[in-house]
file final18.csv (CSV, C-alpha atoms)
chain,number,residue,atom,x,y,z
G,232,MET,CA,-64.3,24.1,165.9
G,233,GLU,CA,-64.5,27.6,167.4
G,234,PHE,CA,-66.9,28.7,164.6
G,235,PHE,CA,-69.6,26.3,165.9
G,236,PRO,CA,-69.0,26.0,169.6
G,237,GLU,CA,-72.4,24.2,170.1
G,238,VAL,CA,-71.2,21.3,167.9
G,239,HIS,CA,-68.1,19.2,168.4
G,240,LEU,CA,-66.4,18.5,165.0
G,241,SER,CA,-63.2,16.8,164.2
G,242,HIS,CA,-60.7,18.5,162.0
G,243,GLY,CA,-61.5,16.2,159.1
G,244,ALA,CA,-65.3,16.8,159.4
G,245,ALA,CA,-64.8,20.5,159.6
G,246,GLU,CA,-62.6,20.5,156.4
G,247,ALA,CA,-65.3,18.4,154.6
G,248,ILE,CA,-68.0,20.9,155.6
G,249,ALA,CA,-65.7,23.8,154.6
G,250,ARG,CA,-65.3,22.2,151.1
G,251,GLY,CA,-69.0,21.8,150.8
G,252,LEU,CA,-69.6,25.4,151.9
G,253,PHE,CA,-67.0,26.5,149.3
G,254,ALA,CA,-68.8,24.7,146.6
G,255,VAL,CA,-72.1,26.2,147.6
G,256,ALA,CA,-70.5,29.7,147.7
G,257,ARG,CA,-69.2,29.3,144.2
G,258,ALA,CA,-72.6,28.4,142.9
G,259,ASP,CA,-74.4,31.0,145.0
G,260,GLY,CA,-72.0,33.9,144.6
G,261,LYS,CA,-72.0,35.0,148.3
G,262,VAL,CA,-70.6,33.8,151.6
G,263,HIS,CA,-72.2,34.2,155.0
G,264,GLU,CA,-70.1,35.3,158.0
G,265,ARG,CA,-69.9,31.9,159.7
G,266,ALA,CA,-69.3,30.1,156.4
G,267,ALA,CA,-66.6,32.6,155.5
G,268,ALA,CA,-64.8,31.9,158.8
G,269,MET,CA,-64.8,28.2,158.3
G,270,ILE,CA,-63.8,28.4,154.6
G,271,SER,CA,-61.0,30.7,155.4
G,272,GLU,CA,-59.6,28.1,157.8
G,273,PHE,CA,-58.8,25.8,154.9
G,274,PHE,CA,-58.7,28.2,151.9
G,275,ASN,CA,-56.6,31.3,151.4
G,276,SER,CA,-58.1,34.8,151.6
G,277,THR,CA,-57.5,35.4,147.9
G,278,THR,CA,-59.7,32.5,146.9
G,279,LEU,CA,-62.3,33.7,149.4
G,280,ARG,CA,-62.4,37.2,148.0
G,281,LEU,CA,-62.9,35.8,144.5
G,282,VAL,CA,-65.9,33.8,145.7
G,283,SER,CA,-67.4,36.8,147.5
G,284,ALA,CA,-66.9,39.1,144.5
G,285,ARG,CA,-68.4,36.7,142.0
G,286,PRO,CA,-71.5,38.4,140.5
G,287,PRO,CA,-74.8,36.7,141.1
G,288,GLN,CA,-76.3,34.5,138.3
G,289,VAL,CA,-79.2,36.1,136.5
G,290,HIS,CA,-81.8,34.0,134.5
G,291,ARG,CA,-82.6,36.5,131.8
G,292,PRO,CA,-85.7,34.7,130.5
G,293,LEU,CA,-87.1,34.3,134.0
G,294,ALA,CA,-86.4,38.0,134.8
G,295,ILE,CA,-88.1,39.1,131.6
G,296,LYS,CA,-91.1,36.8,132.4
G,297,SER,CA,-91.3,38.2,135.9
G,298,VAL,CA,-91.4,41.8,134.7
G,299,LEU,CA,-94.1,41.0,132.1
G,300,VAL,CA,-96.2,39.2,134.7
G,301,VAL,CA,-95.9,42.2,137.1
G,302,VAL,CA,-96.8,44.7,134.4
G,303,LEU,CA,-99.8,42.6,133.3
G,304,MET,CA,-100.9,42.2,136.9
G,305,MET,CA,-100.7,45.9,137.6
G,306,ALA,CA,-102.7,46.6,134.4
G,307,ALA,CA,-105.4,44.2,135.6
G,308,PHE,CA,-105.5,45.9,138.9
G,309,PHE,CA,-106.1,49.3,137.3
G,310,ALA,CA,-108.6,47.7,135.0
G,311,GLY,CA,-110.8,46.9,138.0
G,312,GLN,CA,-110.2,43.1,138.1
G,313,PRO,CA,-110.5,41.3,141.5
G,314,PRO,CA,-107.1,41.7,143.1
G,315,ALA,CA,-107.2,38.2,144.7
G,316,LYS,CA,-107.9,36.4,141.5
G,317,VAL,CA,-105.3,38.4,139.5
G,318,ALA,CA,-102.6,37.8,142.2
G,319,LEU,CA,-103.4,34.0,142.3
G,320,ILE,CA,-103.3,33.7,138.5
G,321,ALA,CA,-100.0,35.7,138.3
G,322,GLY,CA,-98.4,33.7,141.1
G,323,GLY,CA,-99.5,30.4,139.5
G,324,PHE,CA,-98.1,31.5,136.1
G,325,MET,CA,-94.8,32.4,137.7
G,326,LEU,CA,-94.5,28.8,139.0
G,327,LEU,CA,-94.7,27.5,135.4
G,328,THR,CA,-91.0,27.5,134.6
G,329,ARG,CA,-88.4,25.0,133.6
G,330,ILE,CA,-85.5,27.2,134.7
G,331,VAL,CA,-86.1,26.9,138.5
G,332,ARG,CA,-87.6,23.8,140.0
G,333,SER,CA,-90.8,24.4,141.9
G,334,GLU,CA,-89.4,22.5,144.9
G,335,ARG,CA,-86.6,25.2,145.2
G,336,ILE,CA,-89.2,28.0,145.2
G,337,TYR,CA,-91.3,26.2,147.9
G,338,ARG,CA,-88.1,25.9,150.1
G,339,GLU,CA,-87.8,29.7,149.9
G,340,ILE,CA,-91.3,30.3,151.3
G,341,ASP,CA,-91.3,31.4,155.0
G,342,TRP,CA,-94.0,28.9,156.2
G,343,PRO,CA,-93.9,30.0,159.9
G,344,LEU,CA,-94.5,33.6,158.9
G,345,LEU,CA,-97.4,32.6,156.7
G,346,LEU,CA,-98.9,30.5,159.5
G,347,MET,CA,-98.5,33.4,161.9
G,348,PHE,CA,-100.3,35.7,159.5
G,349,ALA,CA,-103.1,33.2,158.8
G,350,GLY,CA,-103.5,32.7,162.6
G,351,LEU,CA,-103.7,36.5,163.0
G,352,PHE,CA,-106.7,36.6,160.7
G,353,VAL,CA,-108.4,33.9,162.7
G,354,VAL,CA,-107.8,35.7,166.0
G,355,VAL,CA,-109.0,39.0,164.5
G,356,ALA,CA,-112.1,37.4,163.0
G,357,GLY,CA,-112.9,35.7,166.4
G,358,ALA,CA,-112.4,39.0,168.2
G,359,GLU,CA,-114.7,40.8,165.7
G,360,LYS,CA,-117.4,38.2,166.2
G,361,ALA,CA,-117.1,37.9,170.0
G,362,LEU,CA,-116.2,41.4,171.1
G,363,LEU,CA,-117.6,43.8,168.5
G,364,THR,CA,-121.3,43.6,169.4
G,365,PRO,CA,-123.8,46.1,167.9
G,366,GLU,CA,-123.7,48.0,171.2
G,367,VAL,CA,-119.9,48.3,171.2
G,368,ILE,CA,-119.9,49.3,167.6
G,369,ASP,CA,-122.5,52.0,168.2
G,370,ARG,CA,-120.5,53.3,171.3
G,371,ILE,CA,-117.2,53.4,169.5
G,372,GLY,CA,-118.9,55.0,166.5
G,373,ARG,CA,-119.7,58.0,168.6
G,374,LEU,CA,-116.0,58.8,169.2
G,375,GLY,CA,-115.8,61.0,166.2
G,376,LEU,CA,-114.4,58.5,163.6
G,377,ALA,CA,-116.2,60.6,161.0
G,378,ASP,CA,-113.4,63.1,161.5
G,379,ALA,CA,-110.5,62.2,159.1
G,380,PRO,CA,-107.7,63.0,161.6
G,381,MET,CA,-109.3,61.0,164.3
G,382,LEU,CA,-110.0,58.0,162.0
G,383,SER,CA,-106.4,58.3,160.7
G,384,ALA,CA,-105.0,58.2,164.2
G,385,VAL,CA,-107.1,55.2,165.3
G,386,THR,CA,-106.2,53.4,162.1
G,387,ALA,CA,-102.4,54.1,162.6
G,388,ILE,CA,-102.5,52.9,166.2
G,389,LEU,CA,-104.5,49.8,165.5
G,390,SER,CA,-102.3,48.9,162.5
G,391,ASN,CA,-99.3,48.8,164.7
G,392,LEU,CA,-101.0,46.6,167.3
G,393,VAL,CA,-102.4,43.9,165.0
G,394,SER,CA,-100.7,44.8,161.7
G,395,ASN,CA,-102.4,46.9,159.0
G,396,VAL,CA,-104.4,44.3,157.1
G,397,PRO,CA,-106.2,42.9,160.1
G,398,ALA,CA,-106.7,46.5,161.3
G,399,VAL,CA,-108.8,47.3,158.2
G,400,LEU,CA,-111.0,44.3,158.9
G,401,ILE,CA,-111.6,45.4,162.5
G,402,LEU,CA,-112.5,49.0,161.3
G,403,ARG,CA,-114.9,47.7,158.7
G,404,PRO,CA,-118.1,48.0,160.9
G,405,PHE,CA,-117.2,51.5,162.0
G,406,VAL,CA,-116.5,52.9,158.5
G,407,GLY,CA,-120.0,52.2,157.4
G,408,GLN,CA,-121.4,54.4,160.2
G,409,THR,CA,-119.6,57.5,159.1
G,410,GLY,CA,-121.4,60.2,157.1
G,411,ASP,CA,-119.3,59.6,154.0
G,412,PRO,CA,-118.2,56.0,153.8
G,413,GLN,CA,-116.3,56.4,150.6
G,414,HIS,CA,-114.1,59.2,152.0
G,415,ALA,CA,-113.7,57.2,155.2
G,416,TRP,CA,-112.4,54.2,153.3
G,417,LEU,CA,-109.9,56.4,151.5
G,418,VAL,CA,-108.7,57.6,154.9
G,419,VAL,CA,-108.4,54.1,156.2
G,420,ALA,CA,-106.6,52.9,153.1
G,421,MET,CA,-104.2,55.8,153.3
G,422,ALA,CA,-103.5,55.6,157.0
G,423,SER,CA,-103.2,51.8,157.3
G,424,THR,CA,-100.7,51.8,154.4
G,425,LEU,CA,-98.5,54.6,155.6
G,426,ALA,CA,-98.8,53.6,159.2
G,427,GLY,CA,-97.3,50.3,158.3
G,428,ASN,CA,-94.0,52.1,158.2
G,429,LEU,CA,-94.3,53.3,161.8
G,430,THR,CA,-92.9,50.2,163.6
G,431,VAL,CA,-91.7,46.7,162.6
G,432,LEU,CA,-95.1,45.3,163.6
G,433,GLY,CA,-97.0,47.7,161.4
G,434,SER,CA,-96.9,45.4,158.3
G,435,VAL,CA,-96.0,41.8,157.6
G,436,ALA,CA,-93.7,43.1,154.8
G,437,ASN,CA,-91.6,44.7,157.6
G,438,LEU,CA,-91.3,41.3,159.4
G,439,ILE,CA,-90.2,39.7,156.2
G,440,VAL,CA,-87.5,42.3,155.5
G,441,VAL,CA,-86.2,42.0,159.1
G,442,GLN,CA,-86.0,38.2,158.9
G,443,LEU,CA,-84.3,38.3,155.5
G,444,ALA,CA,-81.8,40.9,156.8
G,445,ARG,CA,-81.1,38.8,159.9
G,446,ALA,CA,-80.4,35.8,157.7
G,447,GLU,CA,-77.7,38.0,156.0
G,448,GLY,CA,-76.2,39.0,159.3
G,449,VAL,CA,-77.9,42.4,159.5
G,450,THR,CA,-79.9,43.1,162.7
G,451,ILE,CA,-82.7,45.7,162.5
G,452,GLY,CA,-84.0,46.4,166.0
G,453,PHE,CA,-87.4,47.7,167.0
G,454,TRP,CA,-86.2,51.2,168.2
G,455,GLU,CA,-83.7,51.4,165.4
G,456,TYR,CA,-86.5,51.0,162.9
G,457,PHE,CA,-88.8,53.3,164.9
G,458,GLN,CA,-86.4,56.2,164.7
G,459,VAL,CA,-86.8,56.2,161.0
G,460,GLY,CA,-90.3,54.9,160.7
G,461,MET,CA,-91.9,57.4,163.1
G,462,PRO,CA,-91.1,60.7,161.3
G,463,LEU,CA,-91.6,59.1,157.9
G,464,SER,CA,-95.1,57.8,158.9
G,465,LEU,CA,-96.0,61.1,160.5
G,466,LEU,CA,-95.1,63.2,157.6
G,467,THR,CA,-96.6,61.0,154.9
G,468,THR,CA,-99.8,60.6,156.9
G,469,LEU,CA,-100.2,64.3,157.3
G,470,LEU,CA,-99.5,64.7,153.6
G,471,GLY,CA,-102.1,62.1,152.8
G,472,LEU,CA,-104.7,63.9,155.0
G,473,TRP,CA,-104.0,67.1,153.2
G,474,TRP,CA,-104.2,65.5,149.8
G,475,LEU,CA,-107.6,63.8,150.6
G,476,SER,CA,-109.0,67.1,152.0
G,477,VAL,CA,-108.0,68.9,148.9
G,478,GLY,CA,-109.1,66.3,146.4
G,479,THR,CA,-112.4,65.5,148.0
G,480,PRO,CA,-115.2,67.8,146.9
call {"tool": "encode", "arguments": {"input": "final18.csv", "output": "structure tokens"}}
result
Amino acid sequence: MEFFPEVHLSHGAAEAIARGLFAVARADGKVHERAAAMISEFFNSTTLRLVSARPPQVHRPLAIKSVLVVVLMMAAFFAGQPPAKVALIAGGFMLLTRIVRSERIYREIDWPLLLMFAGLFVVVAGAEKALLTPEVIDRIGRLGLADAPMLSAVTAILSNLVSNVPAVLILRPFVGQTGDPQHAWLVVAMASTLAGNLTVLGSVANLIVVQLARAEGVTIGFWEYFQVGMPLSLLTTLLGLWWLSVGTP
């Protein structure tokens, strides 16, 4: 079949696959590009349009439960509870459902991406232990990181080299050497968060969105993202610096 040139399929096998894709499309409510091409080979365009236009199924009890969990989780964050513990409890509670099987949720997890992110923390921790000696920390600390614009710029650059969360771990030894660690941490938190929008590599959330978009047939390139992310990150970071300078006594 011309839709899958890398696989040799007989007409009967292709029709059987098309019928299976058609059944999946009816249940899922959407048709991907390749699947649509194969289905249209054996089904008319009217049927295909009906499948594509079918509204997605919504589990109302599960949706209500998800909203309640998110609201309670945010309330716990603002109440000062440990974020890791709250997130773990909320995630575990979301898995307690009879509507969607846990196996189906596990299949949706991007395990390679999680493995990459976990490995990134290992590499960053190793670099912190092996490379960031007291002498190096003292030498870098003299570069003017106590200055909010300089610290913000370093945080933004580092966030787009190793992602924003590992960047914060690397900057941890230097923040304590500034004259006002509390204000420095606010600058790092602001810059690392907003600088995550600069490039695709700035945040793991960006990688997740790019991968999900590619699965739906939408390609988001590095420079295409940068054209929007660069001015957005620059403006929001400048606004954040101004806000911190005004709000800090």
call {"tool": "residues_near_point", "arguments": {"input": "final18.csv", "point": "(-95.3, 45.2, 161.3)", "cutoff": "12 Å", "atoms": "all atoms listed in the file", "output": "JSON, numbers by chain"}}
result
{"G": [344, 348, 387, 388, 389, 390, 391, 392, 393, 394, 395, 396, 397, 398, 423, 424, 425, 426, 427, 428, 429, 430, 431, 432, 433, 434, 435, 436, 437, 438, 439, 440, 441, 442, 453, 456, 457, 460]}
call {"tool": "closest_residue", "arguments": {"input": "final18.csv", "among": "G:Ile340, G:Val419, G:Ala310, G:Val301", "to": "G:Gly407", "atoms": "only C-alpha atoms"}}
result
G:Val419
call {"tool": "atom_distance", "arguments": {"input": "final18.csv", "atom1": "atom CA of G:Arg338", "atom2": "atom CA of G:Pro314"}}
result
25.7 Å
call {"tool": "atom_distance", "arguments": {"input": "final18.csv", "atom1": "atom CA of G:Leu303", "atom2": "atom CA of G:Leu326"}}
result
15.8 Å
call {"tool": "atom_distance", "arguments": {"input": "final18.csv", "atom1": "atom CA of G:Pro313", "atom2": "atom CA of G:Val300"}}
result
16.0 Å
call {"tool": "residues_around", "arguments": {"input": "final18.csv", "residues": "G:Val406", "least_positions_apart": "2", "cutoff": "8 Å", "atoms": "all atoms listed in the file", "output": "VMD selection string"}}
result
chain G and resid 376 402 to 404 408 to 409 412 415 to 416
